[in-house]
Amino acid sequence: MRSFYPLFVFSLSFFTFYLTGCKSSVPLKESQWTSLNFKTEDNEVLSYQKFVPKSQEKKLPLFIFLHGAGERGNDNEAQLQWIAPILSAKNNVKEHPAILVFPQCPAEDYWAPVDVTDGQWTINSSGNPTPVMSRLIELIPQLIEDPRVDKNRVYIGGLSMGSFGTFDLLSRHPEWFAGAIAVCGGGDIKQCPKYQNIPIQIFHGAKDPTVDVRLSRDIYRVLQSLNAPVTYTEYEDGDHLVWNRAFEEPQLLDWLFSQEANLR
C-alpha cells in the first residue's frame with residue numbers, strides 16, 4: 001500500500017502553484033492564535049493552533065479543523081492558510097464565537113489511510129488510524145474536557161486530505177461530534193452506518209483534477225440511502241480549490257453552530 005503518496009506527489013506541485021499564487025481572501029491576525037504542542041503517552045508530539053475568542057458566553061462550541069496536504073509540516077503555521085482567517089474573522093467571531101483548533105499533520109504523514117493505485121482509490125478506516133490521527137484521537141478528549149467547551153457542540157471539518165481525515169475520525173469516534181463539514185475529499189463508505197446520525201455538509205468541485213469528485217458523490221449516496229442528515233453541494237465550475245467558496249456560503253456557519261448532540 002502506497003498510502004496517498006502517488007496522489008500527493010501530484011497534489012503538492014498543484015498546491016505549490018496555488019499556495020504561491022493565491023492567498024486567503026481574509027487577513028489572519030496571528031496574535032489571536034496560540035501555538036501549542038501536545039505530547040502523547042508515547043512521547044509523540046502533535047502541534048496545533050488554538051483560537052479562544054473573547055466572549056461573555058460561559059460555554060463555547062469547539063470546532064476542530066483538518067488541513068490539506070499542502071499545509072503539512074512542522075512549522076505549526078501553514079495549517080492556518082485557508083479556513084482559519086474565515087472562522088476567526090471579526091464578524092464570524094461576533095456571530096459564532098467558538099474555540100477553534102487546527103492541528104498540523106507532519107510532512108511524512110496523512111490524516112487517513114488512503115491508497116491510490118492506477119487511478120483507483122482505496123480508503124480503509126477499519127484498521128488502525130495513521131500515526132498523526134492516533135495523536136489527535138488522544139488529544140481530543142482533553143480538548144472536550146476544557147470547562148469552557150460545550151460538549152454538545154463539538155464539530156469536525158476538513159479540506160482535501162483533511163476531508164478524508166474528517167470521515168475517518170467520524171467513523172472512529174462519532175460520539176464526539178454534533179456536526180461535520182467535508183470539502184473535496186472522500187471516505188470509507190463501509191463505515192457510513194457508524195455516523196449516519198451526524199449532520200454533515202459535503203462540498204466538491206465537479207472539475208476537481210486532484211481528488212475524484214465521485215468520492216464525495218459516493219459517500220453522499222450511501223449516507224442518503226441511510227436517511228442520514230446529509231447535504232451535498234457540487235460546484236459545476238469548481239476545481240480542487242473550492243474550500244473558501246464553501247466556507248463563505250451564507251448559511252453554512254449558521255447551520256454548523258446550530259447543531260447540538262444532546263448526548264452529554
# chains A, B, ... in the order shown; residues from 1 in each chain; ligands from 1
call {"tool": "select_by_dssp", "arguments": {"residues": "segment 20-110 of chain A", "states": "alpha helix (DSSP H)", "output": "PyMOL selection string"}}
result
chain A and resi 20-21+83-87+90-95
call {"tool": "closest_residue", "arguments": {"among": "A:Pro229, A:Gln32, A:Lys39, A:Leu215", "to": "Ala84 of chain A", "atoms": "only C-alpha atoms"}}
result
A:Gln32
call {"tool": "closest_atom_pairs", "arguments": {"of": "segment 219-249 of chain A", "to": "segment 85-97 of chain A", "cutoff": "10 Å", "atoms": "only C-alpha atoms", "output": "tab-separated table"}}
result
residue	atom	partner	partner_atom	distance
A:Asn244	CA	A:Ile86	CA	8.1
A:Phe247	CA	A:Ile86	CA	7.5
A:Glu248	CA	A:Ile86	CA	7.8
call {"tool": "write_last_selection", "arguments": {"atoms": "N, CA and C atoms", "output": "PDB file, in the first residue's frame"}}
result
ATOM      1  N   ASN A 244     -12.640  27.797   0.237  1.00  0.00           N
ATOM      2  CA  ASN A 244     -13.068  29.124   0.682  1.00  0.00           C
ATOM      3  C   ASN A 244     -14.480  29.421   0.194  1.00  0.00           C
ATOM      4  N   PHE A 247     -16.834  27.646   2.567  1.00  0.00           N
ATOM      5  CA  PHE A 247     -16.945  28.231   3.903  1.00  0.00           C
ATOM      6  C   PHE A 247     -17.503  29.650   3.888  1.00  0.00           C
ATOM      7  N   GLU A 248     -17.584  30.239   2.703  1.00  0.00           N
ATOM      8  CA  GLU A 248     -18.207  31.554   2.602  1.00  0.00           C
ATOM      9  C   GLU A 248     -19.659  31.471   2.145  1.00  0.00           C
TER      10      GLU A 248
END
call {"tool": "closest_residue", "arguments": {"among": "A:Gln120, A:Thr210, A:Ser55, A:Glu138", "to": "Asn43 of chain A", "atoms": "only C-alpha atoms"}}
result
A:Glu138
call {"tool": "residues_around", "arguments": {"residues": "Val183 of chain A", "least_positions_apart": "2", "cutoff": "8 Å", "atoms": "only C-alpha atoms", "output": "number ranges by chain"}}
result
A: 158-160, 163, 181, 185, 202-204, 242-243, 246
call {"tool": "write_last_selection", "arguments": {"atoms": "C-alpha atoms", "output": "PDB file, in the first residue's frame"}}
result
ATOM      1  CA  GLY A 158     -11.551  19.377   6.800  1.00  0.00           C
ATOM      2  CA  LEU A 159     -10.495  20.115   3.252  1.00  0.00           C
ATOM      3  CA  SER A 160      -8.931  17.716   0.739  1.00  0.00           C
ATOM      4  CA  SER A 163     -11.749  15.842   4.441  1.00  0.00           C
ATOM      5  CA  ILE A 181     -18.093  19.699   7.109  1.00  0.00           C
ATOM      6  CA  GLY A 185     -12.436  14.626  -0.100  1.00  0.00           C
ATOM      7  CA  ILE A 202     -20.236  17.839   1.841  1.00  0.00           C
ATOM      8  CA  PHE A 203     -18.769  20.066  -0.894  1.00  0.00           C
ATOM      9  CA  HIS A 204     -16.810  19.257  -4.059  1.00  0.00           C
ATOM     10  CA  VAL A 242     -13.414  25.256  -3.596  1.00  0.00           C
ATOM     11  CA  TRP A 243     -12.926  25.352   0.166  1.00  0.00           C
ATOM     12  CA  ALA A 246     -17.739  26.544   0.603  1.00  0.00           C
TER      13      ALA A 246
END
call {"tool": "residues_around", "arguments": {"residues": "Val52 of chain A", "least_positions_apart": "3", "cutoff": "7 Å", "atoms": "only C-alpha atoms", "output": "VMD selection string"}}
result
chain A and resid 98 to 100
call {"tool": "select_by_dssp", "arguments": {"residues": "segment 32-248 of chain A", "states": "strand (DSSP E or B)", "output": "PyMOL selection string"}}
result
chain A and resi 33-39+45-51+60-66+99-103+114-117+120-123+149-159+179-183+200-205+230-235
call {"tool": "write_last_selection", "arguments": {"atoms": "C-alpha atoms", "output": "PDB file, in the first residue's frame"}}
result
ATOM      1  CA  TRP A  33      -3.913  32.299  17.861  1.00  0.00           C
ATOM      2  CA  THR A  34      -1.813  30.308  20.332  1.00  0.00           C
ATOM      3  CA  SER A  35       0.788  27.814  19.130  1.00  0.00           C
ATOM      4  CA  LEU A  36       0.728  24.641  21.250  1.00  0.00           C
ATOM      5  CA  ASN A  37       2.269  21.183  21.350  1.00  0.00           C
ATOM      6  CA  PHE A  38       0.544  18.107  22.730  1.00  0.00           C
ATOM      7  CA  LYS A  39       2.662  15.208  23.965  1.00  0.00           C
ATOM      8  CA  VAL A  45       4.113  15.325  19.640  1.00  0.00           C
ATOM      9  CA  LEU A  46       1.151  16.867  17.833  1.00  0.00           C
ATOM     10  CA  SER A  47       1.439  20.574  17.076  1.00  0.00           C
ATOM     11  CA  TYR A  48      -1.698  22.650  16.850  1.00  0.00           C
ATOM     12  CA  GLN A  49      -3.001  26.181  16.834  1.00  0.00           C
ATOM     13  CA  LYS A  50      -5.812  27.255  19.150  1.00  0.00           C
ATOM     14  CA  PHE A  51      -8.104  30.263  18.992  1.00  0.00           C
ATOM     15  CA  LEU A  60     -18.413  27.776  23.692  1.00  0.00           C
ATOM     16  CA  PRO A  61     -18.577  25.298  20.802  1.00  0.00           C
ATOM     17  CA  LEU A  62     -15.365  23.579  19.732  1.00  0.00           C
ATOM     18  CA  PHE A  63     -14.501  23.277  16.042  1.00  0.00           C
ATOM     19  CA  ILE A  64     -11.548  21.075  15.066  1.00  0.00           C
ATOM     20  CA  PHE A  65     -10.327  21.580  11.509  1.00  0.00           C
ATOM     21  CA  LEU A  66      -8.030  19.346   9.454  1.00  0.00           C
ATOM     22  CA  ILE A  99     -12.924  27.657  20.271  1.00  0.00           C
ATOM     23  CA  LEU A 100     -11.006  26.706  17.117  1.00  0.00           C
ATOM     24  CA  VAL A 101      -8.323  24.012  16.989  1.00  0.00           C
ATOM     25  CA  PHE A 102      -6.167  23.498  13.883  1.00  0.00           C
ATOM     26  CA  PRO A 103      -3.705  20.601  14.293  1.00  0.00           C
ATOM     27  CA  VAL A 114      -5.850   6.149   1.630  1.00  0.00           C
ATOM     28  CA  ASP A 115      -4.214   4.363  -1.283  1.00  0.00           C
ATOM     29  CA  VAL A 116      -4.301   5.480  -4.921  1.00  0.00           C
ATOM     30  CA  THR A 117      -3.006   2.933  -7.415  1.00  0.00           C
ATOM     31  CA  GLN A 120      -8.143   3.529  -8.231  1.00  0.00           C
ATOM     32  CA  TRP A 121      -8.928   4.905  -4.771  1.00  0.00           C
ATOM     33  CA  THR A 122      -8.936   2.619  -1.728  1.00  0.00           C
ATOM     34  CA  ILE A 123      -9.978   4.109   1.601  1.00  0.00           C
ATOM     35  CA  VAL A 149     -16.279  23.797  25.898  1.00  0.00           C
ATOM     36  CA  ASP A 150     -19.930  22.991  25.290  1.00  0.00           C
ATOM     37  CA  LYS A 151     -19.719  19.205  24.992  1.00  0.00           C
ATOM     38  CA  ASN A 152     -22.935  19.113  22.988  1.00  0.00           C
ATOM     39  CA  ARG A 153     -21.448  21.367  20.314  1.00  0.00           C
ATOM     40  CA  VAL A 154     -18.194  19.786  19.146  1.00  0.00           C
ATOM     41  CA  TYR A 155     -17.588  19.812  15.385  1.00  0.00           C
ATOM     42  CA  ILE A 156     -15.085  18.395  12.913  1.00  0.00           C
ATOM     43  CA  GLY A 157     -14.221  19.622   9.441  1.00  0.00           C
ATOM     44  CA  GLY A 158     -11.551  19.377   6.800  1.00  0.00           C
ATOM     45  CA  LEU A 159     -10.495  20.115   3.252  1.00  0.00           C
ATOM     46  CA  GLY A 179     -21.830  18.089  13.061  1.00  0.00           C
ATOM     47  CA  ALA A 180     -19.224  17.986  10.303  1.00  0.00           C
ATOM     48  CA  ILE A 181     -18.093  19.699   7.109  1.00  0.00           C
ATOM     49  CA  ALA A 182     -16.109  17.858   4.425  1.00  0.00           C
ATOM     50  CA  VAL A 183     -14.733  19.658   1.368  1.00  0.00           C
ATOM     51  CA  ILE A 200     -22.855  16.587   7.576  1.00  0.00           C
ATOM     52  CA  GLN A 201     -22.404  19.035   4.737  1.00  0.00           C
ATOM     53  CA  ILE A 202     -20.236  17.839   1.841  1.00  0.00           C
ATOM     54  CA  PHE A 203     -18.769  20.066  -0.894  1.00  0.00           C
ATOM     55  CA  HIS A 204     -16.810  19.257  -4.059  1.00  0.00           C
ATOM     56  CA  GLY A 205     -15.893  20.806  -7.384  1.00  0.00           C
ATOM     57  CA  VAL A 230     -26.524  14.987   4.923  1.00  0.00           C
ATOM     58  CA  THR A 231     -26.423  17.631   2.201  1.00  0.00           C
ATOM     59  CA  TYR A 232     -24.156  17.781  -0.822  1.00  0.00           C
ATOM     60  CA  THR A 233     -23.120  20.846  -2.813  1.00  0.00           C
ATOM     61  CA  GLU A 234     -21.294  20.316  -6.092  1.00  0.00           C
ATOM     62  CA  TYR A 235     -19.874  23.356  -7.864  1.00  0.00           C
TER      63      TYR A 235
END
call {"tool": "atom_distance", "arguments": {"atom1": "atom CA of Ile198 of chain A", "atom2": "atom CA of Leu143 of chain A"}}
result
19.8 Å
call {"tool": "closest_residue", "arguments": {"among": "A:Thr40, A:Gln56, A:Ser125, A:Ser258", "to": "His173 of chain A", "atoms": "only C-alpha atoms"}}
result
A:Ser125
call {"tool": "residues_around", "arguments": {"residues": "Gly73 of chain A", "least_positions_apart": "3", "cutoff": "9 Å", "atoms": "only C-alpha atoms", "output": "list of chain:residue names"}}
result
A:Gly70, A:Asn76, A:Glu77, A:Ala78, A:Gln79, A:Gln104, A:Cys105, A:Pro106, A:Ala107, A:Glu108
call {"tool": "write_last_selection", "arguments": {"atoms": "N, CA and C atoms", "output": "PDB file, in the first residue's frame"}}
result
ATOM      1  N   GLY A  70      -1.057  20.293   1.305  1.00  0.00           N
ATOM      2  CA  GLY A  70      -0.132  21.392   1.067  1.00  0.00           C
ATOM      3  C   GLY A  70       0.292  22.135   2.312  1.00  0.00           C
ATOM      4  N   ASN A  76       3.960  24.610  12.405  1.00  0.00           N
ATOM      5  CA  ASN A  76       2.753  24.909  13.177  1.00  0.00           C
ATOM      6  C   ASN A  76       2.152  26.261  12.783  1.00  0.00           C
ATOM      7  N   GLU A  77       2.225  26.555  11.510  1.00  0.00           N
ATOM      8  CA  GLU A  77       1.643  27.797  10.984  1.00  0.00           C
ATOM      9  C   GLU A  77       0.897  27.579   9.666  1.00  0.00           C
ATOM     10  N   ALA A  78       1.424  26.706   8.834  1.00  0.00           N
ATOM     11  CA  ALA A  78       0.882  26.559   7.481  1.00  0.00           C
ATOM     12  C   ALA A  78      -0.578  26.152   7.477  1.00  0.00           C
ATOM     13  N   GLN A  79      -1.028  25.429   8.509  1.00  0.00           N
ATOM     14  CA  GLN A  79      -2.415  24.958   8.541  1.00  0.00           C
ATOM     15  C   GLN A  79      -3.426  26.092   8.710  1.00  0.00           C
ATOM     16  N   GLN A 104      -1.655  20.274  13.046  1.00  0.00           N
ATOM     17  CA  GLN A 104      -0.849  20.175  11.829  1.00  0.00           C
ATOM     18  C   GLN A 104      -0.323  18.755  11.660  1.00  0.00           C
ATOM     19  N   CYS A 105      -0.523  18.226  10.469  1.00  0.00           N
ATOM     20  CA  CYS A 105      -0.017  16.903  10.122  1.00  0.00           C
ATOM     21  C   CYS A 105       1.439  17.013   9.675  1.00  0.00           C
ATOM     22  N   PRO A 106       2.322  16.162  10.181  1.00  0.00           N
ATOM     23  CA  PRO A 106       3.718  16.187   9.723  1.00  0.00           C
ATOM     24  C   PRO A 106       3.825  15.902   8.230  1.00  0.00           C
ATOM     25  N   ALA A 107       4.926  16.326   7.640  1.00  0.00           N
ATOM     26  CA  ALA A 107       5.101  16.232   6.188  1.00  0.00           C
ATOM     27  C   ALA A 107       5.027  14.804   5.671  1.00  0.00           C
ATOM     28  N   GLU A 108       5.433  13.837   6.484  1.00  0.00           N
ATOM     29  CA  GLU A 108       5.505  12.457   6.006  1.00  0.00           C
ATOM     30  C   GLU A 108       4.251  11.651   6.332  1.00  0.00           C
TER      31      GLU A 108
END
call {"tool": "residues_around", "arguments": {"residues": "Arg172 of chain A", "least_positions_apart": "4", "cutoff": "10 Å", "atoms": "only C-alpha atoms", "output": "PyMOL selection string"}}
result
chain A and resi 125-129+137+167-168+176+191+194-195
call {"tool": "write_last_selection", "arguments": {"atoms": "C-alpha atoms", "output": "PDB file, in the first residue's frame"}}
result
ATOM      1  CA  SER A 125     -10.895   3.145   8.007  1.00  0.00           C
ATOM      2  CA  SER A 126     -11.485  -0.290   9.529  1.00  0.00           C
ATOM      3  CA  GLY A 127      -7.883  -0.756  10.628  1.00  0.00           C
ATOM      4  CA  ASN A 128      -5.539   1.294  12.750  1.00  0.00           C
ATOM      5  CA  PRO A 129      -5.514   5.073  12.349  1.00  0.00           C
ATOM      6  CA  ILE A 137      -7.568  10.974  18.955  1.00  0.00           C
ATOM      7  CA  PHE A 167     -14.694  10.973   7.592  1.00  0.00           C
ATOM      8  CA  ASP A 168     -12.044   8.722   9.121  1.00  0.00           C
ATOM      9  CA  TRP A 176     -17.716  13.143  19.973  1.00  0.00           C
ATOM     10  CA  GLN A 191     -18.129   2.983   7.706  1.00  0.00           C
ATOM     11  CA  LYS A 194     -21.341   4.395  12.233  1.00  0.00           C
ATOM     12  CA  TYR A 195     -22.047   8.112  11.851  1.00  0.00           C
TER      13      TYR A 195
END
